[in-house]
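Quick look at query01.cif (mmCIF, C-alpha atoms and all ligand atoms):
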data_coords
loop_
_atom_site.label_atom_id
_atom_site.label_comp_id
_atom_site.auth_asym_id
_atom_site.auth_seq_id
_atom_site.Cartn_x
_atom_site.Cartn_y
_atom_site.Cartn_z
CA MET Q 8 -68.94 66.71 85.52
CA THR Q 9 -67.99 68.99 82.71
CA HIS Q 10 -64.50 70.39 82.78
CA LEU Q 11 -63.44 73.75 81.45
CA LEU Q 12 -60.04 75.24 81.35
CA ALA Q 13 -59.30 78.72 80.15
CA THR Q 14 -56.10 80.61 79.65
CA ARG Q 15 -55.57 84.28 80.26
CA HIS Q 16 -52.65 86.45 79.33
CA SER Q 17 -53.37 89.44 81.52
CA ARG Q 18 -55.70 90.36 84.32
CA ALA Q 19 -59.31 90.21 83.19
CA PRO Q 20 -61.58 93.17 83.99
CA ALA Q 21 -64.21 92.57 86.67
CA SER Q 22 -67.08 92.51 84.21
CA SER Q 23 -65.38 89.81 82.22
CA THR Q 24 -64.76 87.81 85.37
CA GLN Q 25 -68.36 88.07 86.42
CA GLN Q 26 -69.43 86.97 82.96
CA ARG Q 27 -67.21 83.91 83.18
CA ASN Q 28 -68.59 83.11 86.62
CA ARG Q 29 -72.13 83.23 85.28
CA GLN Q 30 -71.19 81.07 82.31
CA ALA Q 31 -69.53 78.57 84.61
CA ALA Q 32 -72.50 78.47 86.94
CA ASN Q 33 -74.88 78.02 84.02
CA ALA Q 34 -72.80 75.16 82.71
CA GLY Q 35 -73.08 73.35 86.02
CA GLY Q 36 -69.64 73.95 87.46
CA PHE Q 37 -66.15 72.91 86.61
CA ARG Q 38 -63.26 71.32 88.35
CA HIS Q 39 -59.93 72.80 89.23
CA GLN Q 40 -56.83 71.82 87.34
CA ARG Q 41 -53.68 73.07 88.99
CA THR Q 42 -50.91 74.00 86.68
CA GLN Q 43 -47.31 74.98 86.96
CA GLU Q 44 -48.27 78.51 86.04
CA ASN Q 45 -50.73 79.15 88.83
CA SER Q 46 -48.57 78.09 91.73
CA ALA Q 47 -48.28 80.52 94.62
CA ALA Q 48 -44.67 81.13 93.67
CA CYS Q 49 -46.00 82.96 90.63
CA TRP Q 50 -46.51 86.20 92.55
CA PRO Q 51 -44.72 86.20 95.88
CA GLY Q 52 -45.62 89.39 97.67
CA GLY Q 53 -46.88 91.18 94.60
CA LEU Q 54 -49.28 91.18 91.72
CA PRO Q 55 -49.89 88.06 89.63
CA CYS Q 56 -47.28 87.63 86.96
CA GLY Q 57 -50.13 87.32 84.47
CA LYS Q 58 -48.32 84.84 82.26
CA HIS Q 59 -50.69 82.23 80.91
CA LEU Q 60 -52.59 81.82 84.13
CA ARG Q 61 -54.88 78.87 83.74
CA TYR Q 62 -58.10 78.77 85.64
CA SER Q 63 -61.50 77.24 85.80
CA TYR Q 64 -64.66 77.67 87.84
CA ALA Q 65 -66.61 75.41 90.12
CA SER Q 66 -69.94 75.22 91.80
CA MET Q 67 -69.36 75.10 95.55
CA SER Q 68 -71.67 74.00 98.32
CA THR Q 69 -71.82 76.43 101.21
CA SER Q 70 -74.16 76.26 104.15
CA SER Q 71 -76.27 78.94 102.52
CA GLY Q 72 -76.56 77.07 99.25
CA THR Q 73 -74.56 76.51 96.11
CA THR Q 74 -72.60 79.39 94.71
CA SER Q 75 -70.26 79.68 91.78
CA SER Q 76 -66.64 80.01 92.72
CA ARG Q 77 -63.49 80.89 90.88
CA ASN Q 78 -61.12 77.99 90.69
CA MET Q 79 -57.82 79.72 90.41
CA LEU Q 80 -55.43 81.45 92.70
CA PRO Q 81 -57.16 84.82 92.98
CA ASP Q 82 -55.41 88.15 92.60
CA SER Q 83 -52.97 88.98 95.37
CA ALA Q 84 -54.48 90.99 98.20
CA HIS Q 85 -51.37 93.15 98.13
CA ALA Q 86 -53.17 95.06 95.37
CA LEU Q 87 -55.82 96.06 97.92
CA ARG Q 88 -55.16 99.33 99.74
CA PRO Q 89 -57.28 99.93 102.84
CA ALA Q 90 -59.73 102.82 102.99
CA PRO Q 91 -61.24 104.53 106.04
CA ASP Q 92 -64.72 103.31 105.07
CA TRP Q 93 -63.78 99.63 105.14
CA ALA Q 94 -64.99 97.14 107.74
CA LEU Q 95 -62.54 94.33 108.44
CA PHE Q 96 -63.69 90.79 109.31
CA LEU Q 97 -61.03 88.25 110.20
CA ASP Q 98 -61.11 84.51 110.61
CA VAL Q 99 -58.60 83.47 113.28
CA ASP Q 100 -57.01 80.00 112.95
CA GLY Q 101 -54.94 79.71 109.79
CA THR Q 102 -55.60 83.37 108.96
CA ILE Q 103 -54.04 85.56 111.65
CA LEU Q 104 -52.79 82.70 113.85
CA HIS Q 105 -50.80 79.72 112.65
CA LEU Q 106 -52.53 76.35 112.86
CA ARG Q 107 -51.22 74.05 115.57
CA ASP Q 108 -51.76 70.40 116.38
CA THR Q 109 -54.57 71.18 118.80
CA PRO Q 110 -56.82 74.24 119.21
CA ASP Q 111 -55.47 74.84 122.73
CA SER Q 112 -51.85 75.11 121.61
CA VAL Q 113 -52.52 78.33 119.67
CA SER Q 114 -51.55 81.73 121.06
CA ALA Q 115 -51.59 85.36 119.91
CA SER Q 116 -48.55 87.62 120.20
CA LYS Q 117 -48.74 91.04 121.81
CA ALA Q 118 -47.68 92.53 118.48
CA LEU Q 119 -50.73 91.03 116.80
CA LEU Q 120 -53.03 92.23 119.59
CA ASP Q 121 -51.63 95.74 119.28
CA LEU Q 122 -51.98 95.69 115.49
CA LEU Q 123 -55.64 94.67 115.65
CA GLU Q 124 -56.33 97.35 118.22
CA THR Q 125 -54.59 99.99 116.09
CA ILE Q 126 -56.48 99.03 112.92
CA SER Q 127 -59.72 98.98 114.88
CA SER Q 128 -59.12 102.53 116.08
CA ARG Q 129 -58.30 103.69 112.51
CA LEU Q 130 -61.56 102.12 111.25
CA ASP Q 131 -63.66 103.58 114.07
CA GLY Q 132 -64.12 100.16 115.66
CA ALA Q 133 -65.18 98.33 112.48
CA VAL Q 134 -63.00 95.26 113.02
CA ALA Q 135 -64.50 91.92 114.03
CA LEU Q 136 -63.31 88.36 114.49
CA VAL Q 137 -65.37 85.68 112.73
CA SER Q 138 -64.27 82.25 113.88
CA GLY Q 139 -65.32 78.67 114.50
CA ARG Q 140 -64.11 78.99 118.09
CA ARG Q 141 -66.35 80.00 120.97
CA ILE Q 142 -66.39 83.66 121.95
CA ASP Q 143 -65.04 82.96 125.44
CA ASN Q 144 -62.20 81.01 123.89
CA LEU Q 145 -61.43 83.90 121.53
CA ASP Q 146 -61.56 86.39 124.38
CA ALA Q 147 -58.97 84.33 126.24
CA LEU Q 148 -56.76 84.23 123.14
CA PHE Q 149 -57.01 87.98 122.47
CA SER Q 150 -57.12 89.20 126.08
CA PRO Q 151 -57.26 91.95 127.21
CA HIS Q 152 -58.90 93.12 123.96
CA ARG Q 153 -62.54 92.35 123.31
CA LEU Q 154 -63.31 93.00 119.69
CA PRO Q 155 -66.79 92.49 118.22
CA THR Q 156 -66.74 88.74 117.65
CA ALA Q 157 -68.73 85.99 115.94
CA GLY Q 158 -68.02 82.56 117.37
CA LEU Q 159 -69.05 79.06 116.36
CA HIS Q 160 -69.36 80.11 112.72
CA GLY Q 161 -71.98 82.70 113.63
CA LEU Q 162 -74.02 80.70 116.15
CA GLU Q 163 -72.99 83.25 118.75
CA ARG Q 164 -72.10 86.87 118.12
CA ARG Q 165 -71.05 89.78 120.31
CA ASP Q 166 -71.85 93.09 118.68
CA ALA Q 167 -69.94 96.34 119.07
CA ASN Q 168 -72.05 97.25 122.12
CA GLY Q 169 -71.08 94.04 123.88
CA THR Q 170 -74.46 92.37 123.51
CA VAL Q 171 -74.20 88.65 122.79
CA HIS Q 172 -76.67 87.11 120.36
CA THR Q 173 -76.94 83.32 120.53
CA ILE Q 174 -78.74 80.84 118.31
CA PRO Q 175 -79.88 77.88 120.42
CA ALA Q 176 -78.46 74.45 119.72
CA PRO Q 177 -80.89 71.79 118.46
CA GLU Q 178 -81.50 68.71 120.62
CA ALA Q 179 -79.99 66.61 117.85
CA LEU Q 180 -76.58 67.84 118.98
CA ASP Q 181 -77.06 66.19 122.38
CA GLU Q 182 -77.93 62.91 120.70
CA LEU Q 183 -74.78 63.04 118.61
CA ARG Q 184 -72.37 63.58 121.48
CA PRO Q 185 -72.17 59.95 122.68
CA PRO Q 186 -71.39 58.37 119.28
CA LEU Q 187 -68.90 61.14 118.48
CA LEU Q 188 -67.22 60.66 121.85
CA LYS Q 189 -66.97 56.98 121.03
CA LEU Q 190 -65.40 57.84 117.67
CA ALA Q 191 -62.89 60.14 119.35
CA GLY Q 192 -62.18 57.41 121.91
CA SER Q 193 -61.10 55.06 119.13
CA SER Q 194 -57.74 56.86 118.92
CA THR Q 195 -55.81 59.12 121.26
CA LYS Q 196 -55.02 61.25 118.23
CA VAL Q 197 -58.64 62.06 117.42
CA ILE Q 198 -60.07 64.89 119.52
CA LEU Q 199 -63.71 65.80 120.05
CA GLU Q 200 -64.03 69.49 120.84
CA ASP Q 201 -67.36 70.24 122.49
CA LYS Q 202 -68.22 73.85 121.71
CA GLY Q 203 -71.64 73.67 123.30
CA HIS Q 204 -73.63 74.79 120.25
CA ALA Q 205 -71.42 72.87 117.85
CA LEU Q 206 -69.05 69.89 117.89
CA ALA Q 207 -65.73 69.45 116.14
CA VAL Q 208 -63.79 66.26 115.47
CA HIS Q 209 -60.09 67.11 115.01
CA TYR Q 210 -57.76 64.63 113.32
CA ARG Q 211 -54.68 66.81 112.73
CA LEU Q 212 -52.66 64.35 114.81
CA ALA Q 213 -53.92 61.44 112.70
CA PRO Q 214 -54.07 62.64 109.08
CA HIS Q 215 -53.96 59.05 107.81
CA MET Q 216 -57.42 58.57 109.35
CA ALA Q 217 -58.99 61.47 107.44
CA GLY Q 218 -61.12 59.41 105.05
CA GLU Q 219 -62.33 57.03 107.73
CA ILE Q 220 -63.25 59.85 110.14
CA LYS Q 221 -65.00 61.98 107.53
CA ASP Q 222 -67.10 59.01 106.39
CA ARG Q 223 -68.03 58.03 109.94
CA VAL Q 224 -68.97 61.59 110.94
CA GLU Q 225 -71.11 62.00 107.82
CA GLU Q 226 -72.79 58.69 108.60
CA LEU Q 227 -73.54 59.69 112.20
CA VAL Q 228 -74.90 63.13 111.26
CA ARG Q 229 -77.04 61.91 108.33
CA PRO Q 230 -80.13 61.02 110.47
CA TYR Q 231 -80.09 64.60 111.83
CA SER Q 232 -79.54 66.34 108.51
CA ALA Q 233 -82.69 68.44 108.90
CA ASP Q 234 -81.03 70.25 111.82
CA LEU Q 235 -77.31 69.69 111.46
CA HIS Q 236 -74.63 69.50 108.83
CA VAL Q 237 -70.93 68.75 108.60
CA MET Q 238 -68.40 71.33 107.44
CA HIS Q 239 -65.08 69.83 106.49
CA GLY Q 240 -62.29 72.19 107.44
CA LYS Q 241 -58.55 71.70 107.67
CA MET Q 242 -58.13 68.41 109.56
CA VAL Q 243 -61.46 68.93 111.28
CA CYS Q 244 -65.11 67.97 110.85
CA GLU Q 245 -67.36 70.68 112.27
CA ILE Q 246 -70.88 69.57 113.15
CA LYS Q 247 -73.17 72.54 113.48
CA PRO Q 248 -76.76 73.68 113.03
CA TRP Q 249 -77.80 75.03 109.64
CA ARG Q 250 -79.09 78.24 111.21
CA ALA Q 251 -75.95 80.35 110.93
CA ASP Q 252 -72.69 80.61 109.04
CA LYS Q 253 -69.91 83.16 108.66
CA GLY Q 254 -71.82 84.91 105.88
CA SER Q 255 -74.86 85.44 108.11
CA ALA Q 256 -72.61 86.64 110.94
CA ILE Q 257 -71.01 89.28 108.70
CA ARG Q 258 -74.45 90.21 107.39
CA ASP Q 259 -75.68 90.82 110.94
CA PHE Q 260 -72.64 92.96 111.78
CA MET Q 261 -73.20 94.97 108.60
CA THR Q 262 -76.65 96.06 109.82
CA GLU Q 263 -75.10 97.66 112.91
CA VAL Q 264 -72.88 100.61 113.80
CA PRO Q 265 -69.91 100.88 113.30
CA PHE Q 266 -70.01 98.43 110.39
CA LYS Q 267 -73.16 99.69 108.67
CA GLY Q 268 -72.56 101.49 105.37
CA ARG Q 269 -68.94 100.38 105.11
CA ILE Q 270 -67.27 98.16 102.54
CA PRO Q 271 -66.74 94.71 104.07
CA VAL Q 272 -63.42 92.91 103.78
CA PHE Q 273 -63.25 89.29 104.90
CA VAL Q 274 -60.06 87.26 105.25
CA GLY Q 275 -60.23 83.51 105.84
CA ASP Q 276 -58.36 80.32 105.03
CA ASP Q 277 -60.83 77.48 104.91
CA THR Q 278 -63.96 76.08 103.29
CA THR Q 279 -65.87 77.22 106.38
CA ASP Q 280 -65.10 80.80 105.28
CA GLU Q 281 -66.66 80.48 101.84
CA ASP Q 282 -70.09 81.74 103.00
CA GLY Q 283 -68.34 84.87 104.22
CA PHE Q 284 -66.54 85.35 100.89
CA ALA Q 285 -69.80 84.94 98.97
CA TYR Q 286 -71.55 87.50 101.15
CA VAL Q 287 -68.91 90.23 100.96
CA ASN Q 288 -68.70 89.67 97.19
CA GLU Q 289 -72.45 90.29 97.01
CA LEU Q 290 -71.95 93.61 98.79
CA GLY Q 291 -69.13 94.63 96.49
CA GLY Q 292 -66.58 94.08 99.24
CA HIS Q 293 -63.24 92.30 99.20
CA SER Q 294 -62.77 88.60 99.88
CA VAL Q 295 -59.31 87.24 100.64
CA ARG Q 296 -58.52 83.53 100.82
CA VAL Q 297 -55.37 82.57 102.69
CA GLY Q 298 -53.29 79.72 101.26
CA VAL Q 299 -53.82 77.64 98.17
CA SER Q 300 -57.32 76.26 97.69
CA GLU Q 301 -58.79 73.99 95.09
CA SER Q 302 -61.91 76.08 94.87
CA THR Q 303 -62.91 79.41 96.34
CA ALA Q 304 -65.30 82.30 95.87
CA ALA Q 305 -62.63 84.70 97.15
CA ARG Q 306 -61.36 87.27 94.67
CA HIS Q 307 -58.02 87.86 96.34
CA SER Q 308 -55.46 85.71 98.07
CA LEU Q 309 -52.45 85.74 100.34
CA PRO Q 310 -50.08 82.78 100.68
CA GLY Q 311 -50.20 82.38 104.46
CA VAL Q 312 -50.56 83.81 107.96
CA ASP Q 313 -47.26 85.70 107.84
CA GLU Q 314 -48.30 87.46 104.64
CA VAL Q 315 -51.67 88.38 106.17
CA ILE Q 316 -49.94 89.96 109.14
CA SER Q 317 -47.48 91.73 106.89
CA TRP Q 318 -50.33 93.07 104.72
CA LEU Q 319 -52.30 94.24 107.77
CA ALA Q 320 -49.20 95.81 109.32
CA ASP Q 321 -49.18 98.38 106.52
CA TRP Q 322 -52.77 99.40 107.15
CA PRO Q 323 -52.30 101.96 109.97
CA ALA Q 324 -49.78 104.05 108.02
CA LEU Q 325 -51.79 103.80 104.79
CA LEU Q 326 -54.99 104.85 106.59
CA ASP Q 327 -53.19 107.72 108.33
CA ARG Q 328 -51.86 108.91 104.99
CA ILE Q 329 -55.37 109.04 103.55
CA ARG Q 330 -56.74 110.90 106.57
CA THR Q 331 -54.07 113.59 106.47
CA ARG Q 332 -54.47 114.36 102.76
MG MG A 1 -59.48 79.35 109.72
#

As structure tokens - that is how I would like this structure written.
Ligand SMILES: [Mg+2]
Amino acid sequence: MTHLLATRHSRAPASSTQQRNRQAANAGGFRHQRTQENSAACWPGGLPCGKHLRYSYASMSTSSGTTSSRNMLPDSAHALRPAPDWALFLDVDGTILHLRDTPDSVSASKALLDLLETISSRLDGAVALVSGRRIDNLDALFSPHRLPTAGLHGLERRDANGTVHTIPAPEALDELRPPLLKLAGSSTKVILEDKGHALAVHYRLAPHMAGEIKDRVEELVRPYSADLHVMHGKMVCEIKPWRADKGSAIRDFMTEVPFKGRIPVFVGDDTTDEDGFAYVNELGGHSVRVGVSESTAARHSLPGVDEVISWLADWPALLDRIRTR
């Protein structure tokens, strides 16, 4: 694969960035090369320092196809100021909630619940969760609030009216359960999460088994590749139907009130969020990747969950200021 590395001395204008993306895509994609200069420490809590940032571009496979992605730490999201016509879409684990050893050991603070509710009211209800978890699981986490929510990477979606839209699971998923259960049974530290319409093999407790588990899951899913695919997230292999992804979930929300006509903003931390980034980019919205990634389509970044919460915490006052002008 061809490699390209470029050096910039100041922030490039959007048109220039788009041009580079096209050039990179045309050239077949490039690999990331991390440098001292582009470490997260370069712009803690502020704008990029802009000193000799080195970056490259890559082609990235998403469930909706291959898209070009920018292979650098994107601009800090702190440069983004919310507007009343924005629609906010949030991944959950690793984005607004810290990752834990198991999905069940995660919890949401009352402060976070109140913040989401406040932002939702300032944006006329245009705030939605877009997660790999099931909707009922998310409802339990964020109780008593019930935001519009896409679960299972878009396989199920509750719109702003409370109507749940579900994409049926293919039979292939039933056939995969027994061998995946057997795989999970090979170690007490490997967990099979049965989400009904999707399956997830977690190995956060056994990171040394990552390669072995990924290979085995890919091998088991291969005969069903017409219906199913594997998404490799952080310490998890998600096995899900091709029929939906986070990009399609956001797209569906954006056809409905109160999201319709707004500028979408999507914040996520994982490869499973890349479809969402690509879609909001298409609409001229704002994509924010949380943490350091080797390759992402997101145009903005924040270092971690705490910085996401801190960024969002400023939104109510900023939105109020705009409204009272
Ligand atoms: Mg996540």

Mind dumping a table of every chain Q residue within 7 Å of ligand MG 1 (chain A), with the nearest atom pair and its distance in Å to one decimal, using all atoms listed in the file, sorted by chain and rising number, as a tab-separated table?
residue	atom	partner	partner_atom	distance
Q:Asp98	CA	A:MG1	MG	5.5
Q:Val99	CA	A:MG1	MG	5.5
Q:Asp100	CA	A:MG1	MG	4.1
Q:Gly101	CA	A:MG1	MG	4.6
Q:Thr102	CA	A:MG1	MG	5.6
Q:Ser138	CA	A:MG1	MG	7.0
Q:Gly275	CA	A:MG1	MG	5.7
Q:Asp276	CA	A:MG1	MG	4.9
Q:Asp277	CA	A:MG1	MG	5.3

Task: Contact residues around Q:Leu227 with only C-alpha atoms at 8 Å, ignoring same-chain residues under 2 positions, as a VMD selection string - done: chain Q and resid 183 186 to 187 223 to 225 229 to 230

Write out as a JSON list (two decimals) with C-alpha atoms, in the coordinates of the input each polymer residue whose atoms come within 10 Å of Q:Pro265, counting all atoms listed in the file; drop sequence neighbours fewer than 4 positions from it.
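Contents of selection_26.json, freshly written:
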[["chain", "number", "residue", "atom", "x", "y", "z"],
["Q", 94, "ALA", "CA", -64.99, 97.14, 107.74],
["Q", 130, "LEU", "CA", -61.56, 102.12, 111.25],
["Q", 131, "ASP", "CA", -63.66, 103.58, 114.07],
["Q", 132, "GLY", "CA", -64.12, 100.16, 115.66],
["Q", 133, "ALA", "CA", -65.18, 98.33, 112.48],
["Q", 134, "VAL", "CA", -63.00, 95.26, 113.02],
["Q", 166, "ASP", "CA", -71.85, 93.09, 118.68],
["Q", 167, "ALA", "CA", -69.94, 96.34, 119.07],
["Q", 168, "ASN", "CA", -72.05, 97.25, 122.12],
["Q", 260, "PHE", "CA", -72.64, 92.96, 111.78],
["Q", 261, "MET", "CA", -73.20, 94.97, 108.60],
["Q", 269, "ARG", "CA", -68.94, 100.38, 105.11]]

- [ ] Could you please determine the separation between atom CA of Q:Val137 and atom CA of Q:Leu123 in Å, to one decimal place?
- [x]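 Calculated distance between atom CA of Q:Val137 and atom CA of Q:Leu123 is 13.6 Å.
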
- [ ] For atom CA of Q:Glu301 and atom CA of Q:Val287, determine how far apart the two atoms are, in Å to one decimal place.
- [x]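 Straight-line distance from atom CA of Q:Glu301 to atom CA of Q:Val287 works out to 20.0 Å.
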
TODO: Work out how far atom CA of Q:Glu289 is from atom CA of Q:His105, in Å to one decimal.
DONE: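 Computing it gives 28.7 Å between the two atoms.
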
Can you tell me, as a CSV table (one decimal) with C-alpha atoms, in the coordinates of the input, what residues are no more than 12 Å from Q:Pro323 when counting only C-alpha atoms, ignoring any on the same chain fewer than 4 positions away?
chain,number,residue,atom,x,y,z
Q,88,ARG,CA,-55.2,99.3,99.7
Q,89,PRO,CA,-57.3,99.9,102.8
Q,90,ALA,CA,-59.7,102.8,103.0
Q,91,PRO,CA,-61.2,104.5,106.0
Q,121,ASP,CA,-51.6,95.7,119.3
Q,122,LEU,CA,-52.0,95.7,115.5
Q,123,LEU,CA,-55.6,94.7,115.6
Q,124,GLU,CA,-56.3,97.4,118.2
Q,125,THR,CA,-54.6,100.0,116.1
Q,126,ILE,CA,-56.5,99.0,112.9
Q,127,SER,CA,-59.7,99.0,114.9
Q,128,SER,CA,-59.1,102.5,116.1
Q,129,ARG,CA,-58.3,103.7,112.5
Q,130,LEU,CA,-61.6,102.1,111.2
Q,317,SER,CA,-47.5,91.7,106.9
Q,318,TRP,CA,-50.3,93.1,104.7
Q,319,LEU,CA,-52.3,94.2,107.8
Q,327,ASP,CA,-53.2,107.7,108.3
Q,328,ARG,CA,-51.9,108.9,105.0
Q,329,ILE,CA,-55.4,109.0,103.6
Q,330,ARG,CA,-56.7,110.9,106.6

- [ ] Write out as a ChimeraX atom specification the residues lying within 8 Å of Q:Arg211, counting only C-alpha atoms and excluding same-chain residues fewer than 5 positions away.
- [x] /Q:108-109,196-197,242-243

TODO: Select, from Q:Ile103, Q:Ala118, Q:Ala285, Q:Leu97, the residue with the minimum atom-to-atom distance to Q:Asp313, counting only C-alpha atoms.
DONE: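 Among the listed residues, Q:Ile103 lies closest to Q:Asp313.
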
Open item on the list: My list of candidates is Q:Arg165, Q:His215, Q:Arg332, Q:Arg296. Which is closest to Q:Ala84 when distances are computed with all atoms listed in the file?
Closed with: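 Nearest to Q:Ala84: Q:Arg296.
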